[in-house]
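Take a look at the structure below.
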Amino acid sequence: DVKVTQSSRYLVKRTGEKVFLECVQDMDHENMFWYRQDPGLGLRLIYFSYDVKMKEKGDIPEGYSVSREKKERFSLILESASTNQTSMYLCATLQGYSGNTIYFGEGSWLTVV
Amino acid sequence: GQSLEQPSEVTAVEGAIVQINCTYQTSGFYGLSWYQQHDGGAPTFLSYNALDGLEETGRFSSFLSRSDSYGYLLLQELQMKDSASYFCAVRSTGRRALTFGSGTRLQVQP
């Protein structure tokens with residue numbers, strides 16, 4: 001079974017803080033993603049990475065950056081957290097270029113106060 | 001770009017059959033996927049249609065019609081544990097990430 005682990009399940013941060021969300025996968029998948037989930041808006045893609053040190057912007061990258069120094073680890077960074085970034089963040093992986101099954105982590109609930 | 005539309009909520013009773021529709025707009029895509037998410041949990045893969053027609057997996061079936069830009073998820077013999085949100089998703093040609101619909105919340109009542 002694919003395992004995608006998000007290091008923090010629940011976080012509360014203050015406005016202006018730098019926030020790191022970590023994600024680790026154990027299946028050697030090339031592709032890793034960060035989605036944000038908000039009620040009524042579904043899952044929206046923030047950033048994704050298809051290889052070490054390679055990244056591409058998704059649909060809502062503003063206010064976020066990412067880091068992929070090792071194949072198994074993909075980090076989402078909020079440089080200066082704001083209250084409108086309060087959300088659930090989901091990390092996911094996908095095998096290869098033609099894979100169609102995406103595997104999600106359990107999610108990180110971030111509250112910015 | 002891509003967009004997918006699904007109803008926001010559906011209610012049904014135990015033992016019944018329910019169909020969740022998904023209409024999409026995309027220039028080209030590999031297939032239509034469905035994911036299930038229980039409250040507080042992560043989305044999990046349910047089914048995938050690469051070709052037109054019906055795919056059956058136990059009590060769940062999924063259908064795709066590319067000519068109509070339409071698909072649906074059919075849940076039979078509903079159980080209380082099927083209460084969850086269901087998302088349709090596409091992976092567009094040339095894009096690695098999936099684009100998701102806004103989700104349909106299914107409530108199964110006794």
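Note on naming: chains are A, B, ... as they come in the structure tokens, residues start from 1 per chain, ligands start from 1 in the order shown.
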
Problem set entry | Backbone-only DSSP, strand (DSSP E) members of range 8-60 of chain B, as an MDAnalysis selection string | chainID B and resid 9:13 18:25 29:37 44:49 53:57 60

Deliver the residues from the most recent selection as a file, using C-alpha atoms, as a PDB file, in the first residue's frame.
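Below is the file selection-v7.pdb, written as the result:
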```pdb
ATOM      1  CA  GLU B   9     -25.679  17.572  -2.142  1.00  0.00           C
ATOM      2  CA  VAL B  10     -27.646  14.384  -2.627  1.00  0.00           C
ATOM      3  CA  THR B  11     -29.798  12.576  -0.055  1.00  0.00           C
ATOM      4  CA  ALA B  12     -30.969   8.968  -0.307  1.00  0.00           C
ATOM      5  CA  VAL B  13     -32.153   6.165   1.960  1.00  0.00           C
ATOM      6  CA  VAL B  18     -28.157   6.995  -6.206  1.00  0.00           C
ATOM      7  CA  GLN B  19     -26.471   8.562  -9.208  1.00  0.00           C
ATOM      8  CA  ILE B  20     -24.010  11.448  -8.901  1.00  0.00           C
ATOM      9  CA  ASN B  21     -23.476  13.304 -12.151  1.00  0.00           C
ATOM     10  CA  CYS B  22     -20.394  15.133 -13.356  1.00  0.00           C
ATOM     11  CA  THR B  23     -20.182  17.356 -16.399  1.00  0.00           C
ATOM     12  CA  TYR B  24     -16.831  18.657 -17.483  1.00  0.00           C
ATOM     13  CA  GLN B  25     -15.136  21.071 -19.821  1.00  0.00           C
ATOM     14  CA  PHE B  29      -8.074  14.305 -21.042  1.00  0.00           C
ATOM     15  CA  TYR B  30      -6.935  10.797 -20.196  1.00  0.00           C
ATOM     16  CA  GLY B  31     -10.005   9.746 -18.263  1.00  0.00           C
ATOM     17  CA  LEU B  32     -12.515  10.495 -15.522  1.00  0.00           C
ATOM     18  CA  SER B  33     -11.852   9.452 -11.936  1.00  0.00           C
ATOM     19  CA  TRP B  34     -13.997   9.329  -8.817  1.00  0.00           C
ATOM     20  CA  TYR B  35     -12.808   9.767  -5.248  1.00  0.00           C
ATOM     21  CA  GLN B  36     -14.593   9.295  -1.935  1.00  0.00           C
ATOM     22  CA  GLN B  37     -13.874  11.342   1.157  1.00  0.00           C
ATOM     23  CA  THR B  44      -9.519   7.764  -1.658  1.00  0.00           C
ATOM     24  CA  PHE B  45      -9.696   6.415  -5.186  1.00  0.00           C
ATOM     25  CA  LEU B  46     -12.944   4.716  -6.225  1.00  0.00           C
ATOM     26  CA  SER B  47     -12.921   4.248  -9.975  1.00  0.00           C
ATOM     27  CA  TYR B  48     -11.512   5.365 -13.305  1.00  0.00           C
ATOM     28  CA  ASN B  49     -12.995   5.469 -16.803  1.00  0.00           C
ATOM     29  CA  GLY B  53     -19.064   3.049 -21.043  1.00  0.00           C
ATOM     30  CA  LEU B  54     -19.693   1.542 -17.668  1.00  0.00           C
ATOM     31  CA  GLU B  55     -17.079   0.277 -15.199  1.00  0.00           C
ATOM     32  CA  GLU B  56     -18.372  -1.805 -12.299  1.00  0.00           C
ATOM     33  CA  THR B  57     -16.660  -2.430  -8.993  1.00  0.00           C
ATOM     34  CA  PHE B  60     -20.191   1.101  -7.300  1.00  0.00           C
TER      35      PHE B  60
END
```

For this session: Within 8 Å of chain A, which residues of chain B are there when counting only C-alpha atoms? Please give them as number ranges by chain.
Result: B: 8, 31, 33, 41-45, 48, 87, 91, 96-97, 99-103

For this session: Name the residues in contact with Arg73 in chain A at a cut-off of 9 Å, using only C-alpha atoms, excluding same-chain residues fewer than 2 positions from it; report them as a ChimeraX atom specification.
Result: /A:22-25,32,52,67-71,75

Problem set entry | Within 10 Å of Gln109 in chain B using only C-alpha atoms, minus same-chain residues under 6 positions, as number ranges by chain | B: 11-16, 78-80, 83

Just the selected residues (all heavy atoms), exported as a PDB file, in the first residue's frame, please.
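Produced file selection-v9.pdb, reproduced below:
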```pdb
ATOM      1  N   THR B  11     -29.314  13.352  -1.201  1.00  0.00           N
ATOM      2  CA  THR B  11     -29.798  12.576  -0.055  1.00  0.00           C
ATOM      3  C   THR B  11     -30.529  11.353  -0.564  1.00  0.00           C
ATOM      4  O   THR B  11     -31.286  11.428  -1.546  1.00  0.00           O
ATOM      5  CB  THR B  11     -30.728  13.429   0.821  1.00  0.00           C
ATOM      6  OG1 THR B  11     -30.026  14.599   1.247  1.00  0.00           O
ATOM      7  CG2 THR B  11     -31.174  12.649   2.044  1.00  0.00           C
ATOM      8  N   ALA B  12     -30.301  10.205   0.079  1.00  0.00           N
ATOM      9  CA  ALA B  12     -30.969   8.968  -0.307  1.00  0.00           C
ATOM     10  C   ALA B  12     -31.125   8.103   0.941  1.00  0.00           C
ATOM     11  O   ALA B  12     -30.508   8.375   1.984  1.00  0.00           O
ATOM     12  CB  ALA B  12     -30.181   8.239  -1.385  1.00  0.00           C
ATOM     13  N   VAL B  13     -31.931   7.049   0.813  1.00  0.00           N
ATOM     14  CA  VAL B  13     -32.153   6.165   1.960  1.00  0.00           C
ATOM     15  C   VAL B  13     -31.372   4.877   1.795  1.00  0.00           C
ATOM     16  O   VAL B  13     -30.994   4.489   0.684  1.00  0.00           O
ATOM     17  CB  VAL B  13     -33.649   5.859   2.163  1.00  0.00           C
ATOM     18  CG1 VAL B  13     -34.413   7.133   2.483  1.00  0.00           C
ATOM     19  CG2 VAL B  13     -34.243   5.172   0.945  1.00  0.00           C
ATOM     20  N   GLU B  14     -31.144   4.228   2.891  1.00  0.00           N
ATOM     21  CA  GLU B  14     -30.438   2.949   2.890  1.00  0.00           C
ATOM     22  C   GLU B  14     -31.107   1.979   1.939  1.00  0.00           C
ATOM     23  O   GLU B  14     -32.333   1.911   1.865  1.00  0.00           O
ATOM     24  CB  GLU B  14     -30.500   2.342   4.298  1.00  0.00           C
ATOM     25  CG  GLU B  14     -29.270   2.528   5.114  1.00  0.00           C
ATOM     26  CD  GLU B  14     -29.319   1.749   6.420  1.00  0.00           C
ATOM     27  OE1 GLU B  14     -30.301   1.892   7.168  1.00  0.00           O
ATOM     28  OE2 GLU B  14     -28.367   0.998   6.670  1.00  0.00           O
ATOM     29  N   GLY B  15     -30.289   1.255   1.197  1.00  0.00           N
ATOM     30  CA  GLY B  15     -30.810   0.259   0.273  1.00  0.00           C
ATOM     31  C   GLY B  15     -31.149   0.799  -1.102  1.00  0.00           C
ATOM     32  O   GLY B  15     -31.337   0.017  -2.042  1.00  0.00           O
ATOM     33  N   ALA B  16     -31.210   2.100  -1.220  1.00  0.00           N
ATOM     34  CA  ALA B  16     -31.581   2.712  -2.503  1.00  0.00           C
ATOM     35  C   ALA B  16     -30.382   2.783  -3.448  1.00  0.00           C
ATOM     36  O   ALA B  16     -29.266   2.378  -3.116  1.00  0.00           O
ATOM     37  CB  ALA B  16     -32.145   4.111  -2.265  1.00  0.00           C
ATOM     38  N   LEU B  78     -27.360   1.216  -1.084  1.00  0.00           N
ATOM     39  CA  LEU B  78     -26.702   2.199  -0.228  1.00  0.00           C
ATOM     40  C   LEU B  78     -26.642   1.748   1.228  1.00  0.00           C
ATOM     41  O   LEU B  78     -27.603   1.188   1.781  1.00  0.00           O
ATOM     42  CB  LEU B  78     -27.434   3.537  -0.305  1.00  0.00           C
ATOM     43  CG  LEU B  78     -27.112   4.421  -1.507  1.00  0.00           C
ATOM     44  CD1 LEU B  78     -28.015   5.640  -1.515  1.00  0.00           C
ATOM     45  CD2 LEU B  78     -25.647   4.829  -1.513  1.00  0.00           C
ATOM     46  N   GLN B  79     -25.510   2.038   1.843  1.00  0.00           N
ATOM     47  CA  GLN B  79     -25.304   1.761   3.264  1.00  0.00           C
ATOM     48  C   GLN B  79     -24.972   3.082   3.960  1.00  0.00           C
ATOM     49  O   GLN B  79     -24.519   4.039   3.321  1.00  0.00           O
ATOM     50  CB  GLN B  79     -24.162   0.758   3.434  1.00  0.00           C
ATOM     51  CG  GLN B  79     -24.401  -0.553   2.703  1.00  0.00           C
ATOM     52  CD  GLN B  79     -23.223  -1.502   2.787  1.00  0.00           C
ATOM     53  OE1 GLN B  79     -22.259  -1.278   3.526  1.00  0.00           O
ATOM     54  NE2 GLN B  79     -23.286  -2.579   2.032  1.00  0.00           N
ATOM     55  N   MET B  80     -25.191   3.097   5.258  1.00  0.00           N
ATOM     56  CA  MET B  80     -24.926   4.322   6.031  1.00  0.00           C
ATOM     57  C   MET B  80     -23.470   4.758   5.850  1.00  0.00           C
ATOM     58  O   MET B  80     -23.174   5.945   5.801  1.00  0.00           O
ATOM     59  CB  MET B  80     -25.228   4.097   7.511  1.00  0.00           C
ATOM     60  CG  MET B  80     -26.681   3.781   7.804  1.00  0.00           C
ATOM     61  SD  MET B  80     -27.787   5.139   7.349  1.00  0.00           S
ATOM     62  CE  MET B  80     -27.346   6.366   8.558  1.00  0.00           C
ATOM     63  N   SER B  83     -22.222   7.465   3.338  1.00  0.00           N
ATOM     64  CA  SER B  83     -22.326   8.917   3.573  1.00  0.00           C
ATOM     65  C   SER B  83     -20.933   9.513   3.543  1.00  0.00           C
ATOM     66  O   SER B  83     -20.069   9.185   4.368  1.00  0.00           O
ATOM     67  CB  SER B  83     -22.985   9.188   4.934  1.00  0.00           C
ATOM     68  OG  SER B  83     -24.324   8.804   4.926  1.00  0.00           O
TER      69      SER B  83
END
```

Exercise. In Å, with one decimal, what is the gap from CA of Ser87 in chain A to CA of Val108 in chain B?
Worked result: 26.6 Å

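Counting only C-alpha atoms, the residue from B:Leu98, B:Leu74, B:Ile17, B:Leu64 that sits nearest to Asp52 in chain B is B:Leu64.
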